[in-house]
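Note: the block below is run.csv and it holds CSV, C-alpha atoms.
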```csv
chain,number,residue,atom,x,y,z
N,20,MET,CA,0.0,0.0,0.0
N,21,PHE,CA,1.1,3.5,-0.8
N,22,CYS,CA,2.5,5.3,2.3
N,23,LEU,CA,4.4,8.5,3.0
N,24,ARG,CA,6.5,8.0,6.2
N,25,GLY,CA,7.9,10.7,8.4
N,26,ASP,CA,9.5,10.6,11.9
N,27,ARG,CA,6.1,10.9,13.7
N,28,VAL,CA,3.3,10.3,11.1
N,29,GLU,CA,2.4,8.2,8.1
N,30,LEU,CA,0.1,9.2,5.3
N,31,SER,CA,-1.8,6.4,3.5
N,32,PRO,CA,-5.1,6.0,1.6
N,33,LEU,CA,-8.3,5.4,3.5
N,34,SER,CA,-9.1,1.8,4.3
N,35,ALA,CA,-12.2,0.1,5.6
N,36,ALA,CA,-10.7,0.1,9.1
N,37,GLY,CA,-10.6,3.9,9.1
N,38,ILE,CA,-14.2,4.5,8.2
N,39,ALA,CA,-15.5,4.4,11.8
N,40,GLU,CA,-13.2,7.4,12.7
N,41,ARG,CA,-14.3,9.3,9.6
N,42,ILE,CA,-17.9,8.8,10.5
N,43,TRP,CA,-17.3,10.1,14.0
N,44,TRP,CA,-15.4,13.1,12.8
N,45,ASN,CA,-18.1,13.9,10.2
N,46,THR,CA,-21.1,13.5,12.5
N,47,GLY,CA,-20.1,13.7,16.2
N,48,CYS,CA,-16.8,15.5,16.5
N,49,THR,CA,-17.4,18.5,14.3
N,50,GLU,CA,-15.7,21.4,16.2
N,51,TRP,CA,-12.9,21.3,13.6
N,52,LYS,CA,-15.3,22.5,10.9
N,53,ARG,CA,-15.6,25.9,12.6
N,54,LEU,CA,-11.8,26.3,12.4
N,55,ASP,CA,-12.1,26.0,8.6
N,56,ASP,CA,-15.3,28.2,8.4
N,57,PRO,CA,-16.4,30.5,11.2
N,58,ASP,CA,-19.9,30.6,9.6
N,59,TYR,CA,-20.3,26.8,9.6
N,60,VAL,CA,-23.8,25.7,10.5
N,61,PRO,CA,-24.1,22.1,11.7
N,62,VAL,CA,-26.3,19.9,9.4
N,63,GLU,CA,-27.6,16.4,10.0
N,64,SER,CA,-25.6,13.7,8.3
N,65,ASP,CA,-26.6,10.1,7.8
N,66,PRO,CA,-23.8,7.8,9.1
N,67,GLU,CA,-24.8,4.9,6.9
N,68,LEU,CA,-24.9,6.9,3.7
N,69,TYR,CA,-21.5,8.3,4.6
N,70,ARG,CA,-20.2,4.8,5.2
N,71,GLU,CA,-21.5,3.6,1.8
N,72,LYS,CA,-19.9,6.6,0.1
N,73,LYS,CA,-16.5,5.8,1.7
N,74,ILE,CA,-16.7,2.1,0.9
N,75,LYS,CA,-17.5,3.0,-2.7
N,76,GLU,CA,-14.6,5.4,-2.8
N,77,ILE,CA,-12.2,2.8,-1.4
N,78,ARG,CA,-13.4,0.1,-3.9
N,79,GLU,CA,-13.1,2.4,-6.9
N,80,ASN,CA,-9.8,4.0,-5.7
N,81,GLY,CA,-11.7,7.3,-6.0
N,82,ARG,CA,-9.1,9.5,-4.4
N,83,PHE,CA,-6.3,8.5,-6.8
N,84,ARG,CA,-6.7,10.6,-9.9
N,85,HIS,CA,-4.3,11.2,-12.8
N,86,GLY,CA,-1.5,9.7,-10.8
N,87,ILE,CA,-2.0,11.7,-7.6
N,88,HIS,CA,-3.4,10.6,-4.3
N,89,THR,CA,-5.8,13.5,-3.7
N,90,ALA,CA,-6.6,12.5,-0.2
N,91,LEU,CA,-4.6,10.6,2.5
N,92,GLU,CA,-5.3,9.6,6.1
N,93,ILE,CA,-2.9,10.7,8.8
N,94,TYR,CA,-1.7,8.1,11.3
N,95,THR,CA,0.8,8.3,14.1
N,96,ARG,CA,3.8,5.9,13.8
N,97,ALA,CA,2.1,3.9,16.6
N,98,GLY,CA,-0.9,3.4,14.3
N,99,GLY,CA,-3.4,5.9,15.7
N,100,HIS,CA,-5.7,7.4,13.1
N,101,ILE,CA,-5.8,11.1,13.8
N,102,GLY,CA,-6.9,13.0,10.7
N,103,PHE,CA,-6.7,13.4,6.9
N,104,ILE,CA,-5.2,15.7,4.3
N,105,ASN,CA,-6.2,16.4,0.7
N,106,CYS,CA,-5.9,18.8,-2.3
N,107,TYR,CA,-8.1,20.4,-4.9
N,108,ALA,CA,-7.7,22.8,-7.8
N,109,TYR,CA,-7.1,26.4,-6.8
N,110,PRO,CA,-7.9,29.2,-7.8
N,111,ALA,CA,-11.3,28.4,-9.1
N,112,GLY,CA,-11.1,27.4,-12.8
N,113,SER,CA,-7.4,26.6,-12.7
N,114,ASP,CA,-5.8,23.4,-13.8
N,115,VAL,CA,-4.8,21.5,-10.7
N,116,ARG,CA,-1.8,20.2,-12.5
N,117,ASP,CA,-0.5,23.7,-12.2
N,118,SER,CA,-2.1,24.9,-9.0
N,119,ALA,CA,-3.7,23.2,-6.0
N,120,ALA,CA,-4.8,24.1,-2.5
N,121,VAL,CA,-4.1,21.7,0.4
N,122,GLY,CA,-6.4,21.0,3.3
N,123,ILE,CA,-5.5,19.3,6.5
N,124,VAL,CA,-7.8,18.2,9.4
N,125,ILE,CA,-6.9,16.8,12.8
N,126,PRO,CA,-10.4,16.7,14.3
N,127,GLU,CA,-9.6,15.9,17.9
N,128,GLU,CA,-7.9,18.6,20.0
N,129,LYS,CA,-5.8,16.0,21.9
N,130,TYR,CA,-3.8,15.4,18.8
N,131,ARG,CA,-3.1,19.0,18.0
N,132,GLY,CA,-0.1,21.0,19.1
N,133,SER,CA,2.2,18.0,19.0
N,134,GLY,CA,3.8,18.5,15.6
N,135,PHE,CA,1.7,15.8,13.8
N,136,GLY,CA,0.0,18.3,11.5
N,137,ARG,CA,3.2,20.1,10.6
N,138,GLU,CA,5.0,16.9,9.6
N,139,ALA,CA,1.9,15.7,7.7
N,140,LEU,CA,1.6,18.9,5.8
N,141,ARG,CA,5.3,18.9,4.9
N,142,LEU,CA,5.2,15.3,3.7
N,143,TYR,CA,2.2,15.9,1.5
N,144,ALA,CA,3.4,19.2,0.1
N,145,GLU,CA,6.7,17.5,-0.9
N,146,TYR,CA,4.8,14.6,-2.4
N,147,LEU,CA,2.6,16.9,-4.5
N,148,SER,CA,5.6,18.9,-5.7
N,149,GLY,CA,7.2,15.6,-6.6
N,150,CYS,CA,4.1,14.8,-8.7
N,151,GLY,CA,4.7,18.0,-10.6
N,152,VAL,CA,2.2,20.4,-9.0
N,153,ARG,CA,3.8,23.8,-9.5
N,154,GLU,CA,1.9,26.0,-7.1
N,155,LEU,CA,0.6,25.0,-3.7
N,156,TYR,CA,-1.7,27.1,-1.4
N,157,LEU,CA,-3.2,26.9,2.1
N,158,LEU,CA,-6.4,28.8,2.7
N,159,THR,CA,-7.4,29.5,6.3
N,160,TYR,CA,-8.5,32.2,8.8
N,161,ALA,CA,-6.4,34.5,10.9
N,162,ALA,CA,-7.8,32.8,14.0
N,163,ASN,CA,-6.4,29.5,13.0
N,164,ARG,CA,-2.8,30.2,14.1
N,165,ALA,CA,-1.9,26.6,14.3
N,166,MET,CA,-2.6,26.1,10.6
N,167,ILE,CA,-0.6,29.2,9.7
N,168,MET,CA,2.4,28.1,11.7
N,169,ALA,CA,2.2,24.6,10.3
N,170,GLY,CA,2.2,26.1,6.8
N,171,VAL,CA,5.2,28.3,7.5
N,172,ALA,CA,7.0,25.3,9.0
N,173,ALA,CA,6.2,23.3,5.8
N,174,GLY,CA,7.7,25.9,3.5
N,175,PHE,CA,4.6,28.1,2.8
N,176,PHE,CA,4.8,31.9,2.9
N,177,ILE,CA,1.9,34.2,3.8
N,178,MET,CA,0.8,35.6,0.5
N,179,ARG,CA,-2.0,37.9,1.5
N,180,GLU,CA,-4.8,38.5,4.1
N,181,TYR,CA,-8.2,40.1,3.5
N,182,ALA,CA,-11.6,40.4,5.1
N,183,GLY,CA,-14.4,38.2,3.9
N,184,ARG,CA,-15.2,34.8,2.6
N,185,HIS,CA,-12.9,33.5,-0.1
N,186,ASP,CA,-14.4,32.7,-3.4
N,187,GLY,CA,-11.3,32.0,-5.5
N,188,ALA,CA,-11.2,35.6,-6.9
N,189,ALA,CA,-11.8,37.9,-4.0
N,190,ALA,CA,-9.6,40.9,-3.5
N,191,PRO,CA,-8.3,42.6,-0.3
N,192,GLY,CA,-11.1,44.5,1.5
N,193,GLY,CA,-14.0,42.4,0.2
N,194,GLY,CA,-16.6,40.7,2.3
N,195,GLY,CA,-18.3,41.2,5.6
N,196,TYR,CA,-15.6,40.6,8.3
N,197,ALA,CA,-13.9,44.0,8.2
N,198,ASP,CA,-14.5,44.5,11.9
N,199,SER,CA,-13.2,41.1,13.0
N,200,ARG,CA,-9.5,40.4,12.5
N,201,ALA,CA,-9.9,36.8,13.5
N,202,SER,CA,-12.3,36.1,10.6
N,203,GLU,CA,-9.9,37.5,7.9
N,204,ARG,CA,-8.8,35.0,5.3
N,205,VAL,CA,-5.1,34.2,5.1
N,206,ILE,CA,-3.6,32.7,1.9
N,207,LEU,CA,-0.2,30.9,2.1
N,208,HIS,CA,1.8,29.9,-0.9
N,209,ARG,CA,4.5,27.4,-1.7
N,210,ARG,CA,6.1,27.0,-5.1
N,211,GLY,CA,6.9,23.6,-6.4
N,212,GLU,CA,8.3,22.4,-9.8
N,213,GLY,CA,6.8,20.5,-12.7
N,214,TYR,CA,3.4,19.5,-13.8
N,215,ALA,CA,1.0,16.5,-12.9
N,216,ASP,CA,-5.1,16.4,-11.4
N,217,THR,CA,-7.2,16.2,-8.5
N,218,GLU,CA,-10.7,17.2,-7.4
N,219,LYS,CA,-12.1,19.4,-4.7
N,220,SER,CA,-13.2,17.4,-1.7
N,221,ASP,CA,-16.8,17.5,-0.8
N,222,ASP,CA,-17.7,20.5,1.4
N,223,PHE,CA,-17.1,19.1,4.9
N,224,GLY,CA,-18.2,15.7,3.7
N,225,LEU,CA,-14.6,14.6,3.3
```

As structure tokens, please, write out the structure in this file.
Amino acid sequence: MFCLRGDRVELSPLSAAGIAERIWWNTGCTEWKRLDDPDYVPVESDPELYREKKIKEIRENGRFRHGIHTALEIYTRAGGHIGFINCYAYPAGSDVRDSAAVGIVIPEEKYRGSGFGREALRLYAEYLSGCGVRELYLLTYAANRAMIMAGVAAGFFIMREYAGRHDGAAAPGGGGYADSRASERVILHRRGEGYADTEKSDDFGL
């Protein structure tokens, strides 16, 4: 099985054994979704439908597209399943073989702040660059300092900040968060080399 190994974490495709954690993170442990979107409103999710979706994804190797693993699970070297990481075309309308945004989620707070996310992000960014993706981005909010610091540690640089929700083409000063520094979008960038396609993951149905 494909695996990216670091000193503290391993990244590998989702297996049937990992679906239970994915269901919990998507239906029960949802605090992480507000870190990615302060306006997130909880919606009811059917665990069995989600399970069927993931089983189908595994069976069809649905996260391996055009030679790239577009989503990988994050495990500790001791075998604990602690999160996932993925990529999608960015900006909107771009060719992901040129440009992609990376998303990383460690849902449970007990696994944050220990360097797992930083190493996972570095491993995945290096993997994508090795696949030929030229431009890599991280999109987050100013309040999510852990994500920003993980990005910088993985070789990303803060590109710009602006108020408002990001739509792939927004400009500084747009949107409705001008009075809330914590809700300003932050874009980080890392330049890779080469050329290689992925899809955007389902909105919070990852």

Item to check | Ref. answer, residues at most 8 Å from (-4.5, 17.0, -0.3) with only C-alpha atoms, as a list of chain:residue names | outcome: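 So the residues meeting the distance criterion are N:His88, N:Thr89, N:Ala90, N:Leu91, N:Ile104, N:Asn105, N:Cys106, N:Tyr107, N:Ala120, N:Val121, N:Gly122, N:Ile123, N:Tyr143.
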
Next on the checklist: Counting only C-alpha atoms, find residues at most 12 Å from (5.8, 19.6, -8.1) (file frame) and give them as a list in words.
Outcome noted: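 Residues satisfying the cut-off, written out: Ile87, Val115, Arg116, Asp117, Ser118, Ala119, Tyr143, Ala144, Glu145, Tyr146, Leu147, Ser148, Gly149, Cys150, Gly151, Val152, Arg153, Glu154, Leu155, Arg209, Arg210, Gly211, Glu212, Gly213, Tyr214, Ala215 and Asp216 of chain N.
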
Checklist entry - Taking into account all atoms listed in the file, which residue in the set N:Glu40, N:Tyr160, N:Arg84, N:Gly102 is nearest to Asp58 in chain N? => result N:Tyr160

Item to check | For CA of Tyr59 in chain N and CA of Ala161 in chain N, the interatomic separation in Å (one decimal) | outcome: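 Those two atoms sit 15.9 Å apart.
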
Checklist entry - CA of Cys22 in chain N and CA of Val171 in chain N, how far apart in Å? => result 23.7 Å

Next on the checklist: Using only C-alpha atoms, can you tell me which of N:Pro126, N:Gly37, N:Gly132, N:Gly99 comes closest to Thr49 in chain N?
Outcome noted: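 Checking each candidate against Thr49 in chain N, we get N:Pro126 as the closest.
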
Checklist outcome for this item: Expressed in Å, the length from CA of Met168 in chain N to CA of Tyr130 in chain N is 15.8 Å

Item to check | Ile42 in chain N environment, 8 Å, only C-alpha atoms, sequence neighbours closer than 6 positions dropped, as JSON, numbers by chain | outcome: {"N": [66, 69, 70]}

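Minimum distance to Glu203 in chain N across N:Asp56, N:Val28, N:Arg96, N:Ser64 (counting all atoms listed in the file) occurs at N:Asp56.
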
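Of the residues under consideration (N:Leu207, N:Val124, N:Ile38, N:Met178), N:Ile38 shows the shortest atom-to-atom contact distance to Ile77 in chain N when counting all atoms listed in the file.
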